[in-house]
Amino acid sequence: MIVGIVLALLSLFFVFYTARLLYVTHGLTEIRASGQGAYVGAVVFPLLAILFGWGAWRLLRLKK
């Protein structure tokens, strides 16, 4: 149960960070010259949010 809650919190963090990334970069239209990591984050952060959310959902669904 605790691991499920931790995964849910991680998922929530990456959802927030994805939204923050898109807000700060104005939808990835305004990035610095050396800010190519924003594109990586725009792909990786949502994938991590989905992965952690799926893991949390699976663990919290378990009935003991």
# chains A, B, ... in the order shown; residues from 1 in each chain; ligands from 1

$ residues_around --residues "region 48-54 of chain A" --least-positions-apart "4" --cutoff "6 Å" --atoms "only C-alpha atoms" --output "ChimeraX atom specification"
/A:7-8,11,14-15

$ residues_around --residues "region 28-30 of chain A" --least-positions-apart "2" --cutoff "12 Å" --atoms "only C-alpha atoms" --output "PyMOL selection string"
chain A and resi 18-26+32-43

$ write_last_selection --atoms "N, CA, C and O atoms" --output "tab-separated table (two decimals), in the first residue's frame"
chain	number	residue	atom	x	y	z
A	18	THR	N	5.39	18.25	-16.00
A	18	THR	CA	5.10	18.34	-17.44
A	18	THR	C	4.32	19.62	-17.73
A	18	THR	O	4.65	20.36	-18.66
A	19	ALA	N	3.31	19.87	-16.91
A	19	ALA	CA	2.52	21.10	-17.10
A	19	ALA	C	3.39	22.34	-16.89
A	19	ALA	O	3.30	23.30	-17.65
A	20	ARG	N	4.28	22.30	-15.90
A	20	ARG	CA	5.18	23.42	-15.65
A	20	ARG	C	6.13	23.63	-16.82
A	20	ARG	O	6.36	24.75	-17.25
A	21	LEU	N	6.67	22.55	-17.36
A	21	LEU	CA	7.57	22.65	-18.50
A	21	LEU	C	6.88	23.29	-19.69
A	21	LEU	O	7.42	24.18	-20.34
A	22	LEU	N	5.66	22.86	-19.96
A	22	LEU	CA	4.93	23.42	-21.10
A	22	LEU	C	4.55	24.88	-20.86
A	22	LEU	O	4.53	25.68	-21.78
A	23	TYR	N	4.26	25.22	-19.61
A	23	TYR	CA	3.92	26.61	-19.29
A	23	TYR	C	5.15	27.52	-19.41
A	23	TYR	O	5.09	28.59	-20.02
A	24	VAL	N	6.26	27.09	-18.84
A	24	VAL	CA	7.47	27.91	-18.84
A	24	VAL	C	8.00	28.11	-20.25
A	24	VAL	O	8.49	29.19	-20.59
A	25	THR	N	7.91	27.10	-21.08
A	25	THR	CA	8.44	27.20	-22.44
A	25	THR	C	7.37	27.64	-23.44
A	25	THR	O	7.61	27.60	-24.64
A	26	HIS	N	6.21	28.02	-22.94
A	26	HIS	CA	5.09	28.44	-23.80
A	26	HIS	C	4.80	27.39	-24.87
A	26	HIS	O	4.76	27.69	-26.06
A	32	ARG	N	15.64	28.21	-24.67
A	32	ARG	CA	16.96	28.80	-24.85
A	32	ARG	C	17.73	28.05	-25.93
A	32	ARG	O	17.38	26.93	-26.30
A	33	ALA	N	18.79	28.63	-26.40
A	33	ALA	CA	19.61	27.99	-27.44
A	33	ALA	C	20.17	26.66	-26.97
A	33	ALA	O	20.28	25.71	-27.73
A	34	SER	N	20.50	26.57	-25.70
A	34	SER	CA	21.03	25.31	-25.17
A	34	SER	C	19.96	24.52	-24.43
A	34	SER	O	20.28	23.62	-23.67
A	35	GLY	N	18.70	24.82	-24.65
A	35	GLY	CA	17.61	24.19	-23.91
A	35	GLY	C	16.98	23.00	-24.60
A	35	GLY	O	15.77	22.80	-24.50
A	36	GLN	N	17.78	22.23	-25.32
A	36	GLN	CA	17.22	21.07	-26.04
A	36	GLN	C	16.70	20.00	-25.09
A	36	GLN	O	15.94	19.13	-25.50
A	37	GLY	N	17.11	20.05	-23.83
A	37	GLY	CA	16.60	19.10	-22.84
A	37	GLY	C	15.11	19.26	-22.61
A	37	GLY	O	14.45	18.33	-22.12
A	38	ALA	N	14.55	20.39	-22.97
A	38	ALA	CA	13.11	20.59	-22.82
A	38	ALA	C	12.34	19.62	-23.69
A	38	ALA	O	11.28	19.13	-23.30
A	39	TYR	N	12.88	19.32	-24.87
A	39	TYR	CA	12.22	18.35	-25.74
A	39	TYR	C	12.27	16.95	-25.14
A	39	TYR	O	11.30	16.19	-25.22
A	40	VAL	N	13.38	16.62	-24.53
A	40	VAL	CA	13.51	15.32	-23.87
A	40	VAL	C	12.51	15.24	-22.71
A	40	VAL	O	11.81	14.25	-22.55
A	41	GLY	N	12.45	16.31	-21.92
A	41	GLY	CA	11.52	16.34	-20.80
A	41	GLY	C	10.08	16.27	-21.24
A	41	GLY	O	9.24	15.66	-20.57
A	42	ALA	N	9.77	16.86	-22.39
A	42	ALA	CA	8.39	16.83	-22.89
A	42	ALA	C	7.96	15.42	-23.28
A	42	ALA	O	6.78	15.13	-23.32
A	43	VAL	N	8.92	14.56	-23.54
A	43	VAL	CA	8.60	13.16	-23.87
A	43	VAL	C	8.70	12.28	-22.62
A	43	VAL	O	7.81	11.47	-22.35

$ atom_distance --atom1 "CA of Gly27 (chain A)" --atom2 "CA of Val6 (chain A)"
28.7 Å

$ closest_residue --among "A:Pro46, A:Gly4, A:Trp57, A:Ile31" --to "Phe16 (chain A)" --atoms "only C-alpha atoms"
A:Pro46

$ select_by_dssp --residues "chain A" --states "helix (DSSP H, G or I)" --output "VMD selection string"
chain A and resid 2 to 24 37 to 61

$ closest_residue --among "A:Tyr17, A:Ile5, A:Leu12, A:Phe45" --to "Leu60 (chain A)" --atoms "only C-alpha atoms"
A:Ile5

$ decode --residues "region 14-60 of chain A" --atoms "N, CA and C atoms" --output "compact mmCIF listing (two decimals), in the first residue's frame"
# COMPACT_ATOMS: atom_id res chain seq x y z
N PHE A 14 5.22 14.21 -11.70
CA PHE A 14 5.60 14.31 -13.10
C PHE A 14 4.49 14.92 -13.95
N VAL A 15 3.25 14.76 -13.55
CA VAL A 15 2.16 15.48 -14.24
C VAL A 15 2.33 16.98 -14.03
N PHE A 16 2.60 17.37 -12.79
CA PHE A 16 2.83 18.78 -12.48
C PHE A 16 4.04 19.31 -13.24
N TYR A 17 5.12 18.55 -13.26
CA TYR A 17 6.34 19.04 -13.90
C TYR A 17 6.18 19.14 -15.41
N THR A 18 5.39 18.25 -16.00
CA THR A 18 5.10 18.34 -17.44
C THR A 18 4.32 19.62 -17.73
N ALA A 19 3.31 19.87 -16.91
CA ALA A 19 2.52 21.10 -17.10
C ALA A 19 3.39 22.34 -16.89
N ARG A 20 4.28 22.30 -15.90
CA ARG A 20 5.18 23.42 -15.65
C ARG A 20 6.13 23.63 -16.82
N LEU A 21 6.67 22.55 -17.36
CA LEU A 21 7.57 22.65 -18.50
C LEU A 21 6.88 23.29 -19.69
N LEU A 22 5.66 22.86 -19.96
CA LEU A 22 4.93 23.42 -21.10
C LEU A 22 4.55 24.88 -20.86
N TYR A 23 4.26 25.22 -19.61
CA TYR A 23 3.92 26.61 -19.29
C TYR A 23 5.15 27.52 -19.41
N VAL A 24 6.26 27.09 -18.84
CA VAL A 24 7.47 27.91 -18.84
C VAL A 24 8.00 28.11 -20.25
N THR A 25 7.91 27.10 -21.08
CA THR A 25 8.44 27.20 -22.44
C THR A 25 7.37 27.64 -23.44
N HIS A 26 6.21 28.02 -22.94
CA HIS A 26 5.09 28.44 -23.80
C HIS A 26 4.80 27.39 -24.87
N GLY A 27 4.59 26.16 -24.42
CA GLY A 27 4.28 25.08 -25.35
C GLY A 27 5.47 24.68 -26.20
N LEU A 28 6.66 24.78 -25.63
CA LEU A 28 7.92 24.45 -26.30
C LEU A 28 8.22 25.36 -27.48
N THR A 29 7.65 26.55 -27.49
CA THR A 29 7.95 27.48 -28.58
C THR A 29 9.06 28.45 -28.22
N GLU A 30 9.32 28.62 -26.92
CA GLU A 30 10.35 29.55 -26.48
C GLU A 30 11.33 28.84 -25.56
N ILE A 31 12.37 28.26 -26.14
CA ILE A 31 13.40 27.63 -25.33
C ILE A 31 14.73 28.31 -25.62
N ARG A 32 15.64 28.21 -24.67
CA ARG A 32 16.96 28.80 -24.85
C ARG A 32 17.73 28.05 -25.93
N ALA A 33 18.79 28.63 -26.40
CA ALA A 33 19.61 27.99 -27.44
C ALA A 33 20.17 26.66 -26.97
N SER A 34 20.50 26.57 -25.70
CA SER A 34 21.03 25.31 -25.17
C SER A 34 19.96 24.52 -24.43
N GLY A 35 18.70 24.82 -24.65
CA GLY A 35 17.61 24.19 -23.91
C GLY A 35 16.98 23.00 -24.60
N GLN A 36 17.78 22.23 -25.32
CA GLN A 36 17.22 21.07 -26.04
C GLN A 36 16.70 20.00 -25.09
N GLY A 37 17.11 20.05 -23.83
CA GLY A 37 16.60 19.10 -22.84
C GLY A 37 15.11 19.26 -22.61
N ALA A 38 14.55 20.39 -22.97
CA ALA A 38 13.11 20.59 -22.82
C ALA A 38 12.34 19.62 -23.69
N TYR A 39 12.88 19.32 -24.87
CA TYR A 39 12.22 18.35 -25.74
C TYR A 39 12.27 16.95 -25.14
N VAL A 40 13.38 16.62 -24.53
CA VAL A 40 13.51 15.32 -23.87
C VAL A 40 12.51 15.24 -22.71
N GLY A 41 12.45 16.31 -21.92
CA GLY A 41 11.52 16.34 -20.80
C GLY A 41 10.08 16.27 -21.24
N ALA A 42 9.77 16.86 -22.39
CA ALA A 42 8.39 16.83 -22.89
C ALA A 42 7.96 15.42 -23.28
N VAL A 43 8.92 14.56 -23.54
CA VAL A 43 8.60 13.16 -23.87
C VAL A 43 8.70 12.28 -22.62
N VAL A 44 9.76 12.45 -21.87
CA VAL A 44 10.04 11.55 -20.75
C VAL A 44 9.11 11.79 -19.55
N PHE A 45 8.84 13.06 -19.21
CA PHE A 45 8.02 13.33 -18.03
C PHE A 45 6.61 12.73 -18.14
N PRO A 46 5.90 12.90 -19.27
CA PRO A 46 4.59 12.26 -19.35
C PRO A 46 4.67 10.73 -19.32
N LEU A 47 5.71 10.17 -19.93
CA LEU A 47 5.86 8.72 -19.89
C LEU A 47 6.08 8.22 -18.47
N LEU A 48 6.89 8.93 -17.70
CA LEU A 48 7.09 8.57 -16.31
C LEU A 48 5.80 8.72 -15.50
N ALA A 49 5.04 9.77 -15.78
CA ALA A 49 3.78 9.97 -15.07
C ALA A 49 2.81 8.82 -15.35
N ILE A 50 2.76 8.39 -16.60
CA ILE A 50 1.88 7.27 -16.96
C ILE A 50 2.37 5.98 -16.32
N LEU A 51 3.67 5.75 -16.37
CA LEU A 51 4.24 4.53 -15.80
C LEU A 51 4.00 4.45 -14.30
N PHE A 52 4.31 5.53 -13.59
CA PHE A 52 4.09 5.55 -12.14
C PHE A 52 2.61 5.47 -11.80
N GLY A 53 1.77 6.14 -12.57
CA GLY A 53 0.33 6.07 -12.34
C GLY A 53 -0.22 4.68 -12.54
N TRP A 54 0.25 4.01 -13.58
CA TRP A 54 -0.19 2.64 -13.83
C TRP A 54 0.25 1.72 -12.69
N GLY A 55 1.49 1.88 -12.24
CA GLY A 55 1.98 1.07 -11.13
C GLY A 55 1.19 1.32 -9.85
N ALA A 56 0.88 2.58 -9.58
CA ALA A 56 0.10 2.92 -8.39
C ALA A 56 -1.30 2.33 -8.48
N TRP A 57 -1.90 2.44 -9.66
CA TRP A 57 -3.25 1.91 -9.85
C TRP A 57 -3.26 0.40 -9.62
N ARG A 58 -2.26 -0.28 -10.16
CA ARG A 58 -2.19 -1.74 -10.00
C ARG A 58 -1.99 -2.12 -8.53
N LEU A 59 -1.10 -1.41 -7.85
CA LEU A 59 -0.82 -1.76 -6.45
C LEU A 59 -1.96 -1.40 -5.52
N LEU A 60 -2.60 -0.28 -5.77
CA LEU A 60 -3.70 0.14 -4.88
C LEU A 60 -4.98 -0.64 -5.13
